[in-house]
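Engineer: Structure: input.pdb, PDB, C-alpha atoms and all ligand atoms.
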ATOM      1  CA  SER A  21       2.129  18.627 147.934
ATOM      2  CA  GLU A  22       0.491  16.262 145.461
ATOM      3  CA  ASN A  23       2.321  14.808 142.452
ATOM      4  CA  ILE A  24       0.822  15.405 139.053
ATOM      5  CA  LEU A  25       3.408  13.345 137.208
ATOM      6  CA  GLU A  26       5.117  10.176 138.418
ATOM      7  CA  ILE A  27       7.587   8.231 136.353
ATOM      8  CA  LYS A  28       9.036   4.919 137.458
ATOM      9  CA  ASP A  29      12.175   3.323 136.081
ATOM     10  CA  ILE A  30      11.604   4.397 132.495
ATOM     11  CA  LYS A  31      13.979   3.333 129.757
ATOM     12  CA  ARG A  32      14.256   4.304 126.123
ATOM     13  CA  HIS A  33      16.926   2.622 124.019
ATOM     14  CA  TYR A  34      17.334   3.255 120.279
ATOM     15  CA  PRO A  35      18.843   0.771 117.861
ATOM     16  CA  VAL A  36      21.658   2.261 115.773
ATOM     17  CA  SER A  37      23.625   0.722 112.965
ATOM     18  CA  ASN A  38      27.115  -0.087 114.134
ATOM     19  CA  GLY A  39      29.009   0.951 110.984
ATOM     20  CA  LEU A  40      28.482   0.205 107.328
ATOM     21  CA  PHE A  41      29.697  -3.405 107.196
ATOM     22  CA  SER A  42      28.621  -4.474 110.618
ATOM     23  CA  LEU A  43      25.656  -6.777 111.015
ATOM     24  CA  SER A  44      25.366  -6.240 114.721
ATOM     25  CA  LYS A  45      23.001  -3.613 116.032
ATOM     26  CA  ALA A  46      24.085  -1.372 118.869
ATOM     27  CA  THR A  47      21.703   0.540 121.110
ATOM     28  CA  VAL A  48      21.839   4.090 122.401
ATOM     29  CA  LYS A  49      20.730   4.065 126.012
ATOM     30  CA  ALA A  50      19.193   7.549 125.833
ATOM     31  CA  VAL A  51      17.075   7.170 128.959
ATOM     32  CA  ASN A  52      18.288   4.366 131.152
ATOM     33  CA  GLY A  53      16.126   3.890 134.227
ATOM     34  CA  ILE A  54      14.757   7.190 135.547
ATOM     35  CA  THR A  55      12.377   7.578 138.473
ATOM     36  CA  LEU A  56      11.063  10.974 139.504
ATOM     37  CA  GLU A  57       7.951  12.986 140.239
ATOM     38  CA  VAL A  58       6.671  16.456 139.405
ATOM     39  CA  LYS A  59       4.588  18.188 142.061
ATOM     40  CA  LYS A  60       1.600  20.387 141.369
ATOM     41  CA  GLY A  61       2.645  24.000 140.839
ATOM     42  CA  GLU A  62       6.384  23.403 140.958
ATOM     43  CA  THR A  63       9.189  23.901 138.485
ATOM     44  CA  LEU A  64      11.414  20.867 138.244
ATOM     45  CA  GLY A  65      14.707  21.717 136.582
ATOM     46  CA  LEU A  66      16.421  19.013 134.580
ATOM     47  CA  VAL A  67      20.075  19.688 133.905
ATOM     48  CA  GLY A  68      22.851  17.880 132.096
ATOM     49  CA  GLU A  69      25.338  18.089 129.238
ATOM     50  CA  SER A  70      24.163  17.629 125.671
ATOM     51  CA  GLY A  71      23.623  13.959 124.885
ATOM     52  CA  CYS A  72      22.615  13.065 128.456
ATOM     53  CA  GLY A  73      19.082  12.164 127.355
ATOM     54  CA  LYS A  74      17.194  15.277 128.501
ATOM     55  CA  SER A  75      15.349  15.820 125.226
ATOM     56  CA  THR A  76      14.422  12.150 124.919
ATOM     57  CA  LEU A  77      13.058  12.287 128.460
ATOM     58  CA  ALA A  78      11.027  15.397 127.477
ATOM     59  CA  ARG A  79       9.484  13.577 124.520
ATOM     60  CA  LEU A  80       8.634  10.602 126.736
ATOM     61  CA  LEU A  81       6.949  12.845 129.297
ATOM     62  CA  THR A  82       4.740  14.501 126.678
ATOM     63  CA  GLY A  83       3.814  11.181 125.079
ATOM     64  CA  LEU A  84       5.528  12.054 121.769
ATOM     65  CA  GLU A  85       7.503   8.843 122.300
ATOM     66  CA  LYS A  86       6.803   5.743 124.321
ATOM     67  CA  PRO A  87       9.223   4.235 126.834
ATOM     68  CA  ASP A  88      10.479   0.665 126.260
ATOM     69  CA  GLN A  89      10.061   0.004 129.935
ATOM     70  CA  GLY A  90       8.662   1.616 133.050
ATOM     71  CA  SER A  91       5.545   3.660 133.740
ATOM     72  CA  ILE A  92       4.459   7.270 133.317
ATOM     73  CA  ASN A  93       1.435   8.306 135.364
ATOM     74  CA  PHE A  94      -0.298  11.609 134.961
ATOM     75  CA  LYS A  95      -2.720  12.570 137.751
ATOM     76  CA  GLY A  96      -2.765   8.972 138.911
ATOM     77  CA  ARG A  97      -3.552   7.454 135.511
ATOM     78  CA  LYS A  98      -1.259   5.982 132.864
ATOM     79  CA  LEU A  99      -0.304   8.589 130.273
ATOM     80  CA  ASP A 100      -1.349   6.431 127.310
ATOM     81  CA  GLU A 101      -4.820   5.868 128.784
ATOM     82  CA  TRP A 102      -5.688   9.548 128.397
ATOM     83  CA  THR A 103      -7.220  10.564 125.048
ATOM     84  CA  ALA A 104      -5.355  12.967 122.765
ATOM     85  CA  THR A 105      -7.751  15.771 123.712
ATOM     86  CA  GLU A 106      -7.319  15.098 127.421
ATOM     87  CA  ARG A 107      -3.582  14.980 126.965
ATOM     88  CA  SER A 108      -3.429  18.336 125.218
ATOM     89  CA  THR A 109      -5.378  19.908 128.066
ATOM     90  CA  MET A 110      -2.822  18.487 130.530
ATOM     91  CA  LEU A 111       0.532  18.585 128.821
ATOM     92  CA  GLN A 112       2.205  20.978 126.439
ATOM     93  CA  MET A 113       5.713  21.652 125.287
ATOM     94  CA  VAL A 114       7.818  24.733 124.536
ATOM     95  CA  PHE A 115      10.838  23.981 122.371
ATOM     96  CA  GLN A 116      14.284  25.484 122.193
ATOM     97  CA  ASP A 117      14.172  27.033 118.774
ATOM     98  CA  PRO A 118      11.313  29.508 118.232
ATOM     99  CA  TYR A 119      12.396  29.810 114.579
ATOM    100  CA  SER A 120      11.770  26.203 113.646
ATOM    101  CA  SER A 121       8.938  25.376 116.048
ATOM    102  CA  LEU A 122       6.495  27.847 114.450
ATOM    103  CA  ASN A 123       5.212  27.120 110.952
ATOM    104  CA  PRO A 124       6.483  30.056 108.821
ATOM    105  CA  ARG A 125       3.494  29.860 106.457
ATOM    106  CA  GLN A 126       0.851  30.189 109.168
ATOM    107  CA  ARG A 127      -0.386  33.368 110.761
ATOM    108  CA  ILE A 128       0.191  33.697 114.502
ATOM    109  CA  GLY A 129      -3.544  33.381 115.228
ATOM    110  CA  LYS A 130      -3.688  30.056 113.432
ATOM    111  CA  ILE A 131      -0.587  28.776 115.226
ATOM    112  CA  ILE A 132      -1.885  29.704 118.664
ATOM    113  CA  SER A 133      -5.363  28.299 118.038
ATOM    114  CA  GLU A 134      -4.198  24.965 116.600
ATOM    115  CA  SER A 135      -5.087  22.766 119.607
ATOM    116  CA  MET A 136      -8.314  24.671 120.201
ATOM    117  CA  ARG A 137      -9.381  24.024 116.609
ATOM    118  CA  ILE A 138      -8.316  20.365 116.611
ATOM    119  CA  HIS A 139     -10.107  19.661 119.875
ATOM    120  CA  LYS A 140     -13.066  21.948 119.045
ATOM    121  CA  SER A 141     -12.863  23.899 122.256
ATOM    122  CA  GLY A 142     -15.248  26.656 121.144
ATOM    123  CA  SER A 143     -16.946  28.470 118.278
ATOM    124  CA  LYS A 144     -14.890  30.372 115.713
ATOM    125  CA  ASP A 145     -15.585  33.680 117.476
ATOM    126  CA  GLU A 146     -14.786  32.253 120.919
ATOM    127  CA  ILE A 147     -11.491  30.860 119.667
ATOM    128  CA  GLN A 148     -10.614  34.173 118.016
ATOM    129  CA  GLN A 149     -11.353  36.023 121.251
ATOM    130  CA  ARG A 150      -9.271  33.531 123.215
ATOM    131  CA  VAL A 151      -6.339  34.026 120.794
ATOM    132  CA  GLU A 152      -6.443  37.771 121.399
ATOM    133  CA  GLU A 153      -6.554  37.271 125.186
ATOM    134  CA  LEU A 154      -3.597  34.894 124.975
ATOM    135  CA  LEU A 155      -1.579  37.398 122.938
ATOM    136  CA  VAL A 156      -2.132  40.009 125.640
ATOM    137  CA  GLN A 157      -1.250  37.501 128.372
ATOM    138  CA  VAL A 158       2.160  36.893 126.815
ATOM    139  CA  GLY A 159       2.872  40.587 126.322
ATOM    140  CA  LEU A 160       1.945  40.920 122.626
ATOM    141  CA  ARG A 161      -0.949  42.844 121.042
ATOM    142  CA  PRO A 162      -4.346  41.418 119.959
ATOM    143  CA  GLU A 163      -3.848  42.542 116.354
ATOM    144  CA  HIS A 164      -0.647  40.495 116.138
ATOM    145  CA  HIS A 165      -2.785  37.447 115.302
ATOM    146  CA  LYS A 166      -2.634  38.510 111.643
ATOM    147  CA  ARG A 167       1.135  38.480 111.429
ATOM    148  CA  TYR A 168       3.531  35.746 110.350
ATOM    149  CA  PRO A 169       6.394  34.384 112.496
ATOM    150  CA  HIS A 170       9.089  36.152 110.426
ATOM    151  CA  GLU A 171       7.644  39.509 111.455
ATOM    152  CA  PHE A 172       8.716  38.845 115.057
ATOM    153  CA  SER A 173      11.992  38.754 116.968
ATOM    154  CA  GLY A 174      13.242  35.555 118.631
ATOM    155  CA  GLY A 175      11.906  36.621 122.026
ATOM    156  CA  GLN A 176       8.496  37.506 120.583
ATOM    157  CA  ARG A 177       8.341  34.166 118.787
ATOM    158  CA  GLN A 178       8.986  32.389 122.053
ATOM    159  CA  ARG A 179       6.088  34.411 123.527
ATOM    160  CA  VAL A 180       3.911  33.081 120.687
ATOM    161  CA  ALA A 181       5.078  29.531 121.482
ATOM    162  CA  ILE A 182       4.146  30.095 125.134
ATOM    163  CA  ALA A 183       0.703  31.424 124.124
ATOM    164  CA  ARG A 184       0.193  28.266 122.046
ATOM    165  CA  ALA A 185       1.282  26.108 124.999
ATOM    166  CA  ILE A 186      -1.134  27.700 127.503
ATOM    167  CA  ALA A 187      -4.106  27.893 125.097
ATOM    168  CA  MET A 188      -5.723  24.709 126.457
ATOM    169  CA  ASN A 189      -5.006  25.532 130.134
ATOM    170  CA  PRO A 190      -2.557  22.663 130.630
ATOM    171  CA  ASP A 191      -1.400  21.384 134.023
ATOM    172  CA  LEU A 192       2.205  20.911 132.956
ATOM    173  CA  ILE A 193       4.484  22.463 130.359
ATOM    174  CA  ILE A 194       7.748  20.820 129.393
ATOM    175  CA  CYS A 195      10.168  23.603 128.466
ATOM    176  CA  ASP A 196      13.130  22.204 126.523
ATOM    177  CA  GLU A 197      15.928  24.819 126.581
ATOM    178  CA  PRO A 198      13.331  27.577 126.076
ATOM    179  CA  VAL A 199      15.765  30.491 126.298
ATOM    180  CA  SER A 200      19.076  29.099 125.071
ATOM    181  CA  ALA A 201      18.529  30.273 121.476
ATOM    182  CA  LEU A 202      17.721  33.822 122.636
ATOM    183  CA  ASP A 203      19.935  36.845 123.238
ATOM    184  CA  VAL A 204      21.013  37.117 126.860
ATOM    185  CA  SER A 205      19.142  40.426 127.165
ATOM    186  CA  VAL A 206      15.867  38.736 126.185
ATOM    187  CA  GLN A 207      16.314  35.557 128.244
ATOM    188  CA  ALA A 208      15.304  37.157 131.558
ATOM    189  CA  GLN A 209      12.129  38.627 130.029
ATOM    190  CA  VAL A 210      11.000  35.224 128.773
ATOM    191  CA  LEU A 211      11.888  33.557 132.095
ATOM    192  CA  ASN A 212       9.898  36.231 133.957
ATOM    193  CA  LEU A 213       6.934  35.676 131.648
ATOM    194  CA  LEU A 214       7.046  31.920 132.364
ATOM    195  CA  LYS A 215       7.177  32.645 136.110
ATOM    196  CA  SER A 216       4.238  35.046 136.100
ATOM    197  CA  ILE A 217       2.107  32.681 134.003
ATOM    198  CA  GLN A 218       2.928  29.906 136.460
ATOM    199  CA  GLN A 219       1.820  32.008 139.412
ATOM    200  CA  GLU A 220      -1.375  33.058 137.682
ATOM    201  CA  PHE A 221      -2.474  29.589 136.574
ATOM    202  CA  GLY A 222      -0.801  27.267 139.114
ATOM    203  CA  LEU A 223       1.058  25.468 136.328
ATOM    204  CA  SER A 224       3.887  22.993 136.770
ATOM    205  CA  TYR A 225       6.992  23.136 134.612
ATOM    206  CA  VAL A 226       9.713  20.710 133.752
ATOM    207  CA  PHE A 227      12.485  23.056 132.761
ATOM    208  CA  ILE A 228      15.272  21.441 130.745
ATOM    209  CA  SER A 229      18.644  23.094 130.259
ATOM    210  CA  HIS A 230      22.352  22.420 129.991
ATOM    211  CA  ASP A 231      22.891  25.576 132.031
ATOM    212  CA  LEU A 232      22.763  24.974 135.781
ATOM    213  CA  SER A 233      22.724  28.698 136.581
ATOM    214  CA  VAL A 234      19.537  29.238 134.520
ATOM    215  CA  VAL A 235      17.950  26.103 135.991
ATOM    216  CA  SER A 236      18.717  26.867 139.625
ATOM    217  CA  HIS A 237      17.425  30.416 139.131
ATOM    218  CA  ILE A 238      13.974  29.333 137.947
ATOM    219  CA  SER A 239      13.451  25.905 139.593
ATOM    220  CA  ASP A 240      12.022  24.753 142.911
ATOM    221  CA  ARG A 241      13.787  21.399 142.608
ATOM    222  CA  VAL A 242      16.620  20.337 140.332
ATOM    223  CA  ALA A 243      17.413  16.899 138.901
ATOM    224  CA  VAL A 244      20.911  16.299 137.510
ATOM    225  CA  MET A 245      21.142  13.831 134.624
ATOM    226  CA  TYR A 246      24.159  12.021 133.209
ATOM    227  CA  LEU A 247      24.160   9.412 130.423
ATOM    228  CA  GLY A 248      20.471   8.675 130.714
ATOM    229  CA  GLN A 249      20.390   8.392 134.503
ATOM    230  CA  LEU A 250      19.702  10.644 137.472
ATOM    231  CA  MET A 251      22.726  11.489 139.577
ATOM    232  CA  GLU A 252      21.103  13.764 142.125
ATOM    233  CA  ILE A 253      17.800  15.454 142.862
ATOM    234  CA  ALA A 254      17.104  18.057 145.537
ATOM    235  CA  THR A 255      15.496  21.440 146.123
ATOM    236  CA  ALA A 256      17.325  24.134 144.162
ATOM    237  CA  GLU A 257      18.489  25.783 147.398
ATOM    238  CA  GLU A 258      19.777  22.539 148.893
ATOM    239  CA  LEU A 259      21.512  21.490 145.684
ATOM    240  CA  TYR A 260      23.251  24.833 145.450
ATOM    241  CA  ARG A 261      24.272  24.908 149.124
ATOM    242  CA  ASN A 262      25.039  21.230 149.572
ATOM    243  CA  PRO A 263      25.799  19.486 146.266
ATOM    244  CA  GLN A 264      26.679  15.880 147.124
ATOM    245  CA  HIS A 265      27.308  14.132 143.836
ATOM    246  CA  PRO A 266      30.803  14.774 142.415
ATOM    247  CA  TYR A 267      29.254  15.517 138.997
ATOM    248  CA  THR A 268      26.939  18.172 140.477
ATOM    249  CA  GLN A 269      29.873  19.657 142.373
ATOM    250  CA  ILE A 270      31.828  19.995 139.132
ATOM    251  CA  LEU A 271      28.831  21.464 137.267
ATOM    252  CA  LEU A 272      28.413  24.059 140.012
ATOM    253  CA  ASP A 273      32.102  24.950 139.911
ATOM    254  CA  ALA A 274      31.724  25.409 136.160
ATOM    255  CA  VAL A 275      28.939  27.998 136.545
ATOM    256  CA  PRO A 276      30.496  31.175 135.159
ATOM    257  CA  VAL A 277      31.452  33.786 137.719
ATOM    258  CA  PRO A 278      29.786  37.209 137.355
ATOM    259  CA  ASP A 279      33.072  39.003 136.619
ATOM    260  CA  PRO A 280      33.658  38.637 132.856
ATOM    261  CA  ALA A 281      37.389  39.220 133.348
ATOM    262  CA  VAL A 282      37.679  35.964 135.309
ATOM    263  CA  GLN A 283      35.139  34.022 133.297
ATOM    264  CA  GLY A 284      36.558  30.971 131.591
ATOM    265  CA  GLU A 285      35.209  28.550 129.035
ATOM    266  CA  ASP A 286      31.795  27.021 129.436
ATOM    267  CA  VAL A 287      32.796  23.516 130.461
ATOM    268  CA  VAL A 288      35.675  22.542 132.710
ATOM    269  CA  ILE A 289      35.001  18.833 133.225
ATOM    270  CA  SER A 290      37.971  16.772 132.166
ATOM    271  CA  GLY A 291      37.418  14.043 129.624
ATOM    272  CA  ASP A 292      34.680  13.637 127.025
ATOM    273  CA  ILE A 293      31.224  12.430 127.879
ATOM    274  CA  PRO A 294      31.317   8.672 127.127
ATOM    275  CA  SER A 295      29.137   7.298 124.353
ATOM    276  CA  PRO A 296      25.606   6.380 125.421
ATOM    277  CA  ILE A 297      26.030   3.326 123.148
ATOM    278  CA  SER A 298      28.438   1.738 125.579
ATOM    279  CA  PRO A 299      28.094   3.616 128.862
ATOM    280  CA  PRO A 300      30.722   2.755 131.490
ATOM    281  CA  SER A 301      29.968  -0.139 133.829
ATOM    282  CA  GLY A 302      29.068   0.611 137.419
ATOM    283  CA  CYS A 303      28.650   4.323 138.062
ATOM    284  CA  PRO A 304      28.322   5.975 134.606
ATOM    285  CA  PHE A 305      30.423   8.920 135.846
ATOM    286  CA  HIS A 306      33.408   6.871 137.037
ATOM    287  CA  THR A 307      35.564   7.571 133.948
ATOM    288  CA  ARG A 308      35.550  11.293 134.765
ATOM    289  CA  CYS A 309      35.051  11.334 138.531
ATOM    290  CA  PRO A 310      37.888  12.741 140.638
ATOM    291  CA  LYS A 311      36.648  10.729 143.642
ATOM    292  CA  ALA A 312      36.212   7.354 141.921
ATOM    293  CA  MET A 313      36.972   4.272 144.024
ATOM    294  CA  GLU A 314      37.408   0.642 143.070
ATOM    295  CA  ILE A 315      33.763  -0.240 143.589
ATOM    296  CA  CYS A 316      32.632   2.566 141.244
ATOM    297  CA  SER A 317      33.462   0.686 138.027
ATOM    298  CA  GLN A 318      31.874  -2.508 139.347
ATOM    299  CA  ALA A 319      28.564  -1.656 140.989
ATOM    300  CA  GLN A 320      25.964   0.855 139.952
ATOM    301  CA  PRO A 321      24.989   3.111 142.870
ATOM    302  CA  GLU A 322      21.277   3.363 143.685
ATOM    303  CA  LEU A 323      19.542   6.711 144.096
ATOM    304  CA  LYS A 324      19.400   7.050 147.912
ATOM    305  CA  GLU A 325      17.758   9.634 150.130
ATOM    306  CA  THR A 326      20.510  11.364 152.119
ATOM    307  CA  GLU A 327      18.459  14.252 153.496
ATOM    308  CA  ASP A 328      14.811  15.303 153.299
ATOM    309  CA  ASP A 329      13.967  15.849 149.641
ATOM    310  CA  HIS A 330      17.547  15.087 148.580
ATOM    311  CA  ARG A 331      18.529  11.924 146.691
ATOM    312  CA  VAL A 332      21.963  10.990 145.370
ATOM    313  CA  ALA A 333      23.307   8.076 143.312
ATOM    314  CA  CYS A 334      26.913   7.736 144.494
ATOM    315  CA  HIS A 335      28.911   5.157 146.472
ATOM    316  CA  LEU A 336      30.283   7.929 148.721
ATOM    317  CA  TYR A 337      26.902   8.030 150.483
TER     318      TYR A 337
HETATM  319 FE1  LIG A 401      32.356   9.146 141.655
HETATM  320 FE2  LIG A 401      32.085   6.664 142.519
HETATM  321 FE3  LIG A 401      30.343   8.500 143.275
HETATM  322 FE4  LIG A 401      30.364   7.605 140.761
HETATM  323  S1  LIG A 401      29.889   6.431 142.589
HETATM  324  S2  LIG A 401      30.213   9.703 141.407
HETATM  325  S3  LIG A 401      32.534   7.312 140.414
HETATM  326  S4  LIG A 401      32.511   8.447 143.764
HETATM  327 MG    MG A 402      18.456  18.745 123.602
END
Starting from the coordinates I provided, produce the structure as structure tokens.

Structural biologist:
Amino acid sequence: SENILEIKDIKRHYPVSNGLFSLSKATVKAVNGITLEVKKGETLGLVGESGCGKSTLARLLTGLEKPDQGSINFKGRKLDEWTATERSTMLQMVFQDPYSSLNPRQRIGKIISESMRIHKSGSKDEIQQRVEELLVQVGLRPEHHKRYPHEFSGGQRQRVAIARAIAMNPDLIICDEPVSALDVSVQAQVLNLLKSIQQEFGLSYVFISHDLSVVSHISDRVAVMYLGQLMEIATAEELYRNPQHPYTQILLDAVPVPDPAVQGEDVVISGDIPSPISPPSGCPFHTRCPKAMEICSQAQPELKETEDDHRVACHLY
């Protein structure tokens, strides 16, 4: 199917001060050469440990930040060539924390209608009617438009954030850890809401999470990120059945088993994630990889297609 978003070799490095008395500037290689595409109507899951660059990538994809290098094309046109109004009708974002992403001093109706008011997408009455429709679409009640965020639970606030995101009928929503701040009992409800909205409106999602079990549950394809680079990308089914990259294999082994009596700690990968200021040479995973070979610290593996719709960056392939 057709791609709505195509990114090619994008990089985003931040300068950081290298200690109080140091004159040299170091750089954090937050996103370090990523190429991928998002297809119309799909959910692309993006998974990795904290600090792997997922949130930076999300901000680059929504145009909140610009890449230092590489291109981002939306519907065949460069992202920065679209006007702000066009962009808000194409791209929206749902953030992790529904407590801090909604202005506590604004009523829900004002929060949801923000883009519609900025981009003058209707008369006052039309916008008010649209707000009430949106509230119903996300499982709230029309009269809730008068309330303030603190009058809602975490799950309801995330519903408000979703209503705000779909207000302009976007093509793509970037969801950055949208359920990780919620109680487990509420997570499935919010995920189901996202799914049903997607089916109704043919939306695409980029779904970002550190939790591979959540991602593989909701995604059509999954991309695995490590230290600002892609390690593997495949359909969710294929990745689950046939993980090829050693990092993906370890992440899958770390997915908690359903029996709480056997369930261990969240992460079982040995060694700390190296600093993105000085990522390892060669394959960025070689300092923690149980299958590392001599070449791994010397040459960086390219992302290669090993099967249909399955790409891996590893010298084993
Ligand atoms: Fe491990 Fe080498 Fe593959 Fe990197 S390239 S994942 S170090 S085997
Ligand atoms: Mg993050």

Engineer: Per residue of segment 69-113 of chain A within 9 Å of segment 230-233 of chain A, record the nearest atom pair and its distance in Å to one decimal, counting only C-alpha atoms, with rows in chain order and ascending residue number, as a Markdown table.

Structural biologist:
| residue | atom | partner | partner_atom | distance |
| --- | --- | --- | --- | --- |
| A:Glu69 | CA | A:His230 | CA | 5.3 |
| A:Ser70 | CA | A:His230 | CA | 6.7 |
| A:Lys74 | CA | A:His230 | CA | 8.9 |

Engineer: I want to know what sits within 10 Å of Pro300 of chain A, based on all atoms listed in the file, with residues of the same chain fewer than 5 positions away left out; could you give that as a PyMOL selection string?

Structural biologist: chain A and resi 247+294-295+305-307+316-318+320

Engineer: Would you put the residues from that selection into a file with C-alpha atoms, as a CSV table (one decimal), in the coordinates of the input?

Structural biologist:
chain,number,residue,atom,x,y,z
A,247,LEU,CA,24.2,9.4,130.4
A,294,PRO,CA,31.3,8.7,127.1
A,295,SER,CA,29.1,7.3,124.4
A,305,PHE,CA,30.4,8.9,135.8
A,306,HIS,CA,33.4,6.9,137.0
A,307,THR,CA,35.6,7.6,133.9
A,316,CYS,CA,32.6,2.6,141.2
A,317,SER,CA,33.5,0.7,138.0
A,318,GLN,CA,31.9,-2.5,139.3
A,320,GLN,CA,26.0,0.9,140.0

Engineer: Write out as a tab-separated table a residue-level contact list of chain A versus ligand MG 402 (chain A) with cut-off 8 Å: for each qualifying residue the closest pair of atoms and the distance in Å to one decimal, counting all atoms listed in the file, rows sorted by chain and residue number upward.

Structural biologist:
residue	atom	partner	partner_atom	distance
A:Ser70	CA	A:MG402	MG	6.2
A:Gly71	CA	A:MG402	MG	7.2
A:Gly73	CA	A:MG402	MG	7.6
A:Lys74	CA	A:MG402	MG	6.1
A:Ser75	CA	A:MG402	MG	4.6
A:Thr76	CA	A:MG402	MG	7.8
A:Asp196	CA	A:MG402	MG	7.0
A:Glu197	CA	A:MG402	MG	7.2
A:Ser229	CA	A:MG402	MG	8.0

Engineer: Write out as a ChimeraX atom specification which residues come within 12 Å of segment 161-176 of chain A when counting all atoms listed in the file, dropping same-chain ones fewer than 4 positions away.

Structural biologist: /A:116-133,147-157,180-184,198-211,213

Engineer: Kindly export the residues of the current selection with C-alpha atoms, as a JSON list (two decimals), keeping the file's coordinate frame.

Structural biologist:
[["chain", "number", "residue", "atom", "x", "y", "z"],
["A", 116, "GLN", "CA", 14.28, 25.48, 122.19],
["A", 117, "ASP", "CA", 14.17, 27.03, 118.77],
["A", 118, "PRO", "CA", 11.31, 29.51, 118.23],
["A", 119, "TYR", "CA", 12.40, 29.81, 114.58],
["A", 120, "SER", "CA", 11.77, 26.20, 113.65],
["A", 121, "SER", "CA", 8.94, 25.38, 116.05],
["A", 122, "LEU", "CA", 6.50, 27.85, 114.45],
["A", 123, "ASN", "CA", 5.21, 27.12, 110.95],
["A", 124, "PRO", "CA", 6.48, 30.06, 108.82],
["A", 125, "ARG", "CA", 3.49, 29.86, 106.46],
["A", 126, "GLN", "CA", 0.85, 30.19, 109.17],
["A", 127, "ARG", "CA", -0.39, 33.37, 110.76],
["A", 128, "ILE", "CA", 0.19, 33.70, 114.50],
["A", 129, "GLY", "CA", -3.54, 33.38, 115.23],
["A", 130, "LYS", "CA", -3.69, 30.06, 113.43],
["A", 131, "ILE", "CA", -0.59, 28.78, 115.23],
["A", 132, "ILE", "CA", -1.88, 29.70, 118.66],
["A", 133, "SER", "CA", -5.36, 28.30, 118.04],
["A", 147, "ILE", "CA", -11.49, 30.86, 119.67],
["A", 148, "GLN", "CA", -10.61, 34.17, 118.02],
["A", 149, "GLN", "CA", -11.35, 36.02, 121.25],
["A", 150, "ARG", "CA", -9.27, 33.53, 123.22],
["A", 151, "VAL", "CA", -6.34, 34.03, 120.79],
["A", 152, "GLU", "CA", -6.44, 37.77, 121.40],
["A", 153, "GLU", "CA", -6.55, 37.27, 125.19],
["A", 154, "LEU", "CA", -3.60, 34.89, 124.98],
["A", 155, "LEU", "CA", -1.58, 37.40, 122.94],
["A", 156, "VAL", "CA", -2.13, 40.01, 125.64],
["A", 157, "GLN", "CA", -1.25, 37.50, 128.37],
["A", 180, "VAL", "CA", 3.91, 33.08, 120.69],
["A", 181, "ALA", "CA", 5.08, 29.53, 121.48],
["A", 182, "ILE", "CA", 4.15, 30.10, 125.13],
["A", 183, "ALA", "CA", 0.70, 31.42, 124.12],
["A", 184, "ARG", "CA", 0.19, 28.27, 122.05],
["A", 198, "PRO", "CA", 13.33, 27.58, 126.08],
["A", 199, "VAL", "CA", 15.76, 30.49, 126.30],
["A", 200, "SER", "CA", 19.08, 29.10, 125.07],
["A", 201, "ALA", "CA", 18.53, 30.27, 121.48],
["A", 202, "LEU", "CA", 17.72, 33.82, 122.64],
["A", 203, "ASP", "CA", 19.93, 36.84, 123.24],
["A", 204, "VAL", "CA", 21.01, 37.12, 126.86],
["A", 205, "SER", "CA", 19.14, 40.43, 127.16],
["A", 206, "VAL", "CA", 15.87, 38.74, 126.18],
["A", 207, "GLN", "CA", 16.31, 35.56, 128.24],
["A", 208, "ALA", "CA", 15.30, 37.16, 131.56],
["A", 209, "GLN", "CA", 12.13, 38.63, 130.03],
["A", 210, "VAL", "CA", 11.00, 35.22, 128.77],
["A", 211, "LEU", "CA", 11.89, 33.56, 132.10],
["A", 213, "LEU", "CA", 6.93, 35.68, 131.65]]

Engineer: Quick one: residues within 12 Å of ligand LIG 401 (chain A), with only C-alpha atoms and all ligand atoms, as a PyMOL selection string?

Structural biologist: chain A and resi 246+249-252+263-270+300-324+332-337

Engineer: How about saving the chosen residues, C-alpha atoms kept, as a short mmCIF file (atom, residue, chain, number, x, y, z; two decimals), keeping the file's coordinate frame?

Structural biologist:
data_model
loop_
_atom_site.label_atom_id
_atom_site.label_comp_id
_atom_site.auth_asym_id
_atom_site.auth_seq_id
_atom_site.Cartn_x
_atom_site.Cartn_y
_atom_site.Cartn_z
CA TYR A 246 24.16 12.02 133.21
CA GLN A 249 20.39 8.39 134.50
CA LEU A 250 19.70 10.64 137.47
CA MET A 251 22.73 11.49 139.58
CA GLU A 252 21.10 13.76 142.12
CA PRO A 263 25.80 19.49 146.27
CA GLN A 264 26.68 15.88 147.12
CA HIS A 265 27.31 14.13 143.84
CA PRO A 266 30.80 14.77 142.42
CA TYR A 267 29.25 15.52 139.00
CA THR A 268 26.94 18.17 140.48
CA GLN A 269 29.87 19.66 142.37
CA ILE A 270 31.83 20.00 139.13
CA PRO A 300 30.72 2.76 131.49
CA SER A 301 29.97 -0.14 133.83
CA GLY A 302 29.07 0.61 137.42
CA CYS A 303 28.65 4.32 138.06
CA PRO A 304 28.32 5.98 134.61
CA PHE A 305 30.42 8.92 135.85
CA HIS A 306 33.41 6.87 137.04
CA THR A 307 35.56 7.57 133.95
CA ARG A 308 35.55 11.29 134.76
CA CYS A 309 35.05 11.33 138.53
CA PRO A 310 37.89 12.74 140.64
CA LYS A 311 36.65 10.73 143.64
CA ALA A 312 36.21 7.35 141.92
CA MET A 313 36.97 4.27 144.02
CA GLU A 314 37.41 0.64 143.07
CA ILE A 315 33.76 -0.24 143.59
CA CYS A 316 32.63 2.57 141.24
CA SER A 317 33.46 0.69 138.03
CA GLN A 318 31.87 -2.51 139.35
CA ALA A 319 28.56 -1.66 140.99
CA GLN A 320 25.96 0.86 139.95
CA PRO A 321 24.99 3.11 142.87
CA GLU A 322 21.28 3.36 143.68
CA LEU A 323 19.54 6.71 144.10
CA LYS A 324 19.40 7.05 147.91
CA VAL A 332 21.96 10.99 145.37
CA ALA A 333 23.31 8.08 143.31
CA CYS A 334 26.91 7.74 144.49
CA HIS A 335 28.91 5.16 146.47
CA LEU A 336 30.28 7.93 148.72
CA TYR A 337 26.90 8.03 150.48
#
